[in-house]
>>> print(open('structure_31.cif').read())   # mmCIF, C-alpha atoms, pLDDT in the B column; chains and numbers go by the auth columns
data_run
#
loop_
_atom_site.group_PDB
_atom_site.id
_atom_site.type_symbol
_atom_site.label_atom_id
_atom_site.label_comp_id
_atom_site.label_asym_id
_atom_site.label_seq_id
_atom_site.Cartn_x
_atom_site.Cartn_y
_atom_site.Cartn_z
_atom_site.B_iso_or_equiv
_atom_site.auth_seq_id
_atom_site.auth_asym_id
ATOM 1 C CA ARG A 1 0.000 0.000 0.000 68.00 1 A
ATOM 2 C CA THR A 2 1.004 3.616 -0.414 87.00 2 A
ATOM 3 C CA VAL A 3 3.921 4.860 1.673 90.00 3 A
ATOM 4 C CA ARG A 4 2.947 8.168 3.327 89.00 4 A
ATOM 5 C CA ARG A 5 6.125 9.510 4.892 93.00 5 A
ATOM 6 C CA VAL A 6 9.789 8.746 5.582 95.00 6 A
ATOM 7 C CA SER A 7 12.190 10.047 8.229 95.00 7 A
ATOM 8 C CA TRP A 8 15.944 9.586 8.662 95.00 8 A
ATOM 9 C CA ALA A 9 17.292 8.879 12.145 95.00 9 A
ATOM 10 C CA PRO A 10 19.912 11.340 13.427 95.00 10 A
ATOM 11 C CA CYS A 11 22.591 8.630 13.030 93.00 11 A
ATOM 12 C CA GLY A 12 21.987 8.696 9.269 92.00 12 A
ATOM 13 C CA SER A 13 21.907 4.916 8.831 93.00 13 A
ATOM 14 C CA LEU A 14 18.285 4.225 9.834 95.00 14 A
ATOM 15 C CA LEU A 15 15.197 5.224 7.880 95.00 15 A
ATOM 16 C CA ALA A 16 11.602 4.968 9.090 96.00 16 A
ATOM 17 C CA SER A 17 8.642 4.774 6.703 95.00 17 A
ATOM 18 C CA CYS A 18 4.890 4.618 7.284 96.00 18 A
ATOM 19 C CA SER A 19 2.020 3.452 5.163 93.00 19 A
ATOM 20 C CA PHE A 20 -1.699 3.195 4.548 92.00 20 A
ATOM 21 C CA ASP A 21 -1.339 -0.460 5.625 93.00 21 A
ATOM 22 C CA GLY A 22 -1.203 0.641 9.291 91.00 22 A
ATOM 23 C CA THR A 23 2.482 -0.092 9.837 94.00 23 A
ATOM 24 C CA ALA A 24 5.737 1.780 10.141 95.00 24 A
ATOM 25 C CA MET A 25 8.962 0.104 9.047 95.00 25 A
ATOM 26 C CA ILE A 26 12.528 0.667 10.212 97.00 26 A
ATOM 27 C CA TRP A 27 15.214 0.214 7.558 96.00 27 A
ATOM 28 C CA ARG A 28 18.988 0.069 8.035 95.00 28 A
ATOM 29 C CA CYS A 29 21.274 1.235 5.259 93.00 29 A
ATOM 30 C CA GLU A 30 24.690 -0.373 5.178 91.00 30 A
ATOM 31 C CA ASP A 31 26.984 0.161 2.188 91.00 31 A
ATOM 32 C CA GLY A 32 24.007 1.318 0.125 89.00 32 A
ATOM 33 C CA VAL A 33 21.932 -1.776 0.877 93.00 33 A
ATOM 34 C CA PHE A 34 18.683 -1.404 2.843 95.00 34 A
ATOM 35 C CA ASP A 35 17.412 -4.134 5.173 94.00 35 A
ATOM 36 C CA CYS A 36 14.147 -4.046 7.098 95.00 36 A
ATOM 37 C CA LEU A 37 14.925 -4.255 10.829 94.00 37 A
ATOM 38 C CA ALA A 38 11.429 -3.973 12.269 94.00 38 A
ATOM 39 C CA SER A 39 7.755 -3.551 11.506 93.00 39 A
ATOM 40 C CA LEU A 40 6.007 -1.315 14.044 95.00 40 A
ATOM 41 C CA GLU A 41 2.412 -2.474 14.322 94.00 41 A
ATOM 42 C CA GLY A 42 -0.456 -1.293 16.475 91.00 42 A
ATOM 43 C CA HIS A 43 -2.374 1.460 14.691 93.00 43 A
ATOM 44 C CA ASP A 44 -5.926 0.479 13.717 91.00 44 A
ATOM 45 C CA ASN A 45 -5.509 1.796 10.173 92.00 45 A
ATOM 46 C CA GLU A 46 -3.343 4.133 8.091 94.00 46 A
ATOM 47 C CA VAL A 47 -0.260 5.691 9.662 95.00 47 A
ATOM 48 C CA LYS A 48 -0.035 9.274 8.442 96.00 48 A
ATOM 49 C CA ALA A 49 3.388 10.326 9.713 96.00 49 A
ATOM 50 C CA VAL A 50 6.568 8.988 11.276 97.00 50 A
ATOM 51 C CA ALA A 51 9.421 10.940 12.862 97.00 51 A
ATOM 52 C CA TRP A 52 12.662 10.234 14.744 97.00 52 A
ATOM 53 C CA SER A 53 13.460 12.127 17.921 96.00 53 A
ATOM 54 C CA PRO A 54 16.626 14.264 17.856 96.00 54 A
ATOM 55 C CA SER A 55 18.289 11.869 20.311 95.00 55 A
ATOM 56 C CA GLY A 56 17.486 8.897 18.060 94.00 56 A
ATOM 57 C CA SER A 57 16.048 7.122 21.096 95.00 57 A
ATOM 58 C CA PHE A 58 12.419 7.384 19.979 96.00 58 A
ATOM 59 C CA VAL A 59 10.294 7.035 16.874 97.00 59 A
ATOM 60 C CA ALA A 60 6.813 8.554 16.847 97.00 60 A
ATOM 61 C CA THR A 61 3.888 7.628 14.609 97.00 61 A
ATOM 62 C CA CYS A 62 0.405 9.065 14.229 96.00 62 A
ATOM 63 C CA GLY A 63 -2.643 8.035 12.338 95.00 63 A
ATOM 64 C CA ARG A 64 -6.197 8.005 11.262 93.00 64 A
ATOM 65 C CA ASP A 65 -7.117 6.164 14.477 95.00 65 A
ATOM 66 C CA LYS A 66 -6.671 9.477 16.396 95.00 66 A
ATOM 67 C CA SER A 67 -3.579 8.202 18.211 95.00 67 A
ATOM 68 C CA VAL A 68 0.071 9.107 18.625 97.00 68 A
ATOM 69 C CA TRP A 69 2.466 6.263 19.382 97.00 69 A
ATOM 70 C CA VAL A 70 5.952 6.687 20.826 97.00 70 A
ATOM 71 C CA TRP A 71 8.314 3.759 20.271 97.00 71 A
ATOM 72 C CA GLU A 72 11.567 3.371 22.189 96.00 72 A
ATOM 73 C CA ALA A 73 14.516 2.387 20.003 92.00 73 A
ATOM 74 C CA GLU A 74 17.168 0.366 21.777 89.00 74 A
ATOM 75 C CA ASP A 75 19.740 -1.934 20.155 82.00 75 A
ATOM 76 C CA GLU A 76 17.623 -2.383 17.015 81.00 76 A
ATOM 77 C CA ALA A 77 14.602 -3.378 19.136 90.00 77 A
ATOM 78 C CA TYR A 78 11.496 -1.178 19.128 94.00 78 A
ATOM 79 C CA GLU A 79 9.096 -1.268 22.061 95.00 79 A
ATOM 80 C CA VAL A 80 5.949 0.783 22.602 96.00 80 A
ATOM 81 C CA ALA A 81 6.735 3.509 25.131 96.00 81 A
ATOM 82 C CA ALA A 82 3.313 5.192 24.949 96.00 82 A
ATOM 83 C CA VAL A 83 0.027 5.357 23.096 96.00 83 A
ATOM 84 C CA LEU A 84 -1.718 8.710 23.451 95.00 84 A
ATOM 85 C CA HIS A 85 -5.367 9.316 22.611 95.00 85 A
ATOM 86 C CA SER A 86 -5.416 13.083 23.206 92.00 86 A
ATOM 87 C CA HIS A 87 -6.957 14.078 19.869 93.00 87 A
ATOM 88 C CA GLY A 88 -10.607 13.819 18.910 91.00 88 A
ATOM 89 C CA ALA A 89 -9.965 13.228 15.196 94.00 89 A
ATOM 90 C CA ASP A 90 -7.318 11.914 12.792 94.00 90 A
ATOM 91 C CA VAL A 91 -3.787 12.989 13.682 95.00 91 A
ATOM 92 C CA LYS A 92 -2.279 14.403 10.498 95.00 92 A
ATOM 93 C CA ASP A 93 1.309 15.116 11.426 96.00 93 A
ATOM 94 C CA ILE A 94 3.959 14.952 14.133 97.00 94 A
ATOM 95 C CA VAL A 95 7.276 16.719 14.573 97.00 95 A
ATOM 96 C CA TRP A 96 9.963 16.576 17.263 97.00 96 A
ATOM 97 C CA HIS A 97 11.551 19.630 18.804 97.00 97 A
ATOM 98 C CA PRO A 98 14.945 20.163 17.095 96.00 98 A
ATOM 99 C CA THR A 99 17.029 19.507 20.232 95.00 99 A
ATOM 100 C CA ASP A 100 14.734 17.975 22.882 94.00 100 A
ATOM 101 C CA ASP A 101 12.586 14.853 23.046 93.00 101 A
ATOM 102 C CA VAL A 102 9.392 16.917 22.908 96.00 102 A
ATOM 103 C CA LEU A 103 6.780 16.033 20.316 97.00 103 A
ATOM 104 C CA ALA A 104 4.078 18.154 18.660 97.00 104 A
ATOM 105 C CA SER A 105 1.068 16.691 16.863 97.00 105 A
ATOM 106 C CA ALA A 106 -1.524 18.275 14.561 94.00 106 A
ATOM 107 C CA SER A 107 -5.051 16.989 14.043 94.00 107 A
ATOM 108 C CA TYR A 108 -8.299 17.327 12.151 92.00 108 A
ATOM 109 C CA ASP A 109 -9.774 18.315 15.548 91.00 109 A
ATOM 110 C CA ASP A 110 -8.275 21.802 14.916 91.00 110 A
ATOM 111 C CA SER A 111 -5.691 21.456 17.694 92.00 111 A
ATOM 112 C CA LEU A 112 -2.003 20.966 18.316 94.00 112 A
ATOM 113 C CA LYS A 113 -0.776 18.847 21.216 95.00 113 A
ATOM 114 C CA ILE A 114 2.618 19.123 22.894 97.00 114 A
ATOM 115 C CA ILE A 115 3.723 15.729 24.188 97.00 115 A
ATOM 116 C CA THR A 116 6.497 15.322 26.740 96.00 116 A
ATOM 117 C CA GLN A 117 8.104 12.547 28.720 94.00 117 A
ATOM 118 C CA ASP A 118 7.314 12.477 32.434 90.00 118 A
ATOM 119 C CA GLY A 119 9.582 9.833 33.979 90.00 119 A
ATOM 120 C CA ASP A 120 8.733 6.619 32.152 89.00 120 A
ATOM 121 C CA ASP A 121 5.397 7.998 30.944 94.00 121 A
ATOM 122 C CA TRP A 122 4.487 10.300 28.081 96.00 122 A
ATOM 123 C CA ARG A 123 1.695 12.839 28.437 95.00 123 A
ATOM 124 C CA CYS A 124 -0.007 15.702 26.693 95.00 124 A
ATOM 125 C CA ALA A 125 1.606 18.725 28.338 95.00 125 A
ATOM 126 C CA ALA A 126 -0.294 21.382 26.400 92.00 126 A
ATOM 127 C CA THR A 127 -3.135 21.821 23.925 91.00 127 A
ATOM 128 C CA LEU A 128 -2.883 24.720 21.485 85.00 128 A
ATOM 129 C CA LEU A 129 -6.172 26.032 20.134 88.00 129 A
ATOM 130 C CA GLY A 130 -6.902 28.941 17.850 83.00 130 A
ATOM 131 C CA HIS A 131 -7.215 27.539 14.355 80.00 131 A
ATOM 132 C CA ALA A 132 -10.716 27.688 12.907 77.00 132 A
ATOM 133 C CA SER A 133 -10.187 24.552 10.832 72.00 133 A
ATOM 134 C CA THR A 134 -7.984 21.508 10.399 69.00 134 A
ATOM 135 C CA VAL A 135 -4.409 21.963 11.549 59.00 135 A
#
>>> encode(input="structure_31.cif", output="structure tokens")
Amino acid sequence: RTVRRVSWAPCGSLLASCSFDGTAMIWRCEDGVFDCLASLEGHDNEVKAVAWSPSGSFVATCGRDKSVWVWEAEDEAYEVAAVLHSHGADVKDIVWHPTDDVLASASYDDSLKIITQDGDDWRCAATLLGHASTV
């Protein structure tokens, strides 16, 4: 199915992709050859965006199922760190802060959410409202 988005890890050798099939894939590039390391599964349907954190320790995904997932990347293993259901509609996009592991998400519910880590948990730290239509 159609690939929606790709994102390079800060290390430059890992690439994440996401698709209408509800998965995100992690690819490793070594000497110009790409191998699939992991399939990140859990979204109910299409994954709209994928993004690496600036530390390279986390991958985030968002989707049509109104959720944002944070995956912890450790030694080529990817575990779910959090699933957030803060939005009331499809989550269209996600982006990490350029230097900190702070995530922002945009949704068809006309809002932005700022997501931060609180110990071992992730939470919605702020909701930004003001747009009159889809963000």
>>> residues_around(input="structure_31.cif", residues="Val68 in chain A", least_positions_apart="2", cutoff="9 Å", atoms="only C-alpha atoms", output="CSV table (one decimal) with C-alpha atoms, in the coordinates of the input")
chain,number,residue,atom,x,y,z
A,43,HIS,CA,-2.4,1.5,14.7
A,60,ALA,CA,6.8,8.6,16.8
A,61,THR,CA,3.9,7.6,14.6
A,62,CYS,CA,0.4,9.1,14.2
A,63,GLY,CA,-2.6,8.0,12.3
A,65,ASP,CA,-7.1,6.2,14.5
A,66,LYS,CA,-6.7,9.5,16.4
A,70,VAL,CA,6.0,6.7,20.8
A,82,ALA,CA,3.3,5.2,24.9
A,83,VAL,CA,0.0,5.4,23.1
A,84,LEU,CA,-1.7,8.7,23.5
A,85,HIS,CA,-5.4,9.3,22.6
A,86,SER,CA,-5.4,13.1,23.2
A,87,HIS,CA,-7.0,14.1,19.9
A,91,VAL,CA,-3.8,13.0,13.7
A,94,ILE,CA,4.0,15.0,14.1
A,105,SER,CA,1.1,16.7,16.9
>>> resolve_selection(input="structure_31.cif", expression="the PyMOL selection byres ((chain A and resi 13) around 9)", output="PyMOL selection string")
chain A and resi 8-12+14-15+27-30
>>> atom_distance(input="structure_31.cif", atom1="CA of Glu76 in chain A", atom2="CA of Arg4 in chain A")
22.7 Å
>>> closest_residue(input="structure_31.cif", among="A:Ser53, A:Thr23, A:Ser133, A:Ser67", to="Thr116 in chain A", atoms="all atoms listed in the file")
A:Ser53
>>> resolve_selection(input="structure_31.cif", expression="the PyMOL selection byres ((chain A and resi 117-127) around 8)", output="JSON, numbers by chain")
{"A": [81, 82, 84, 86, 101, 102, 111, 112, 113, 114, 115, 116, 128, 129]}
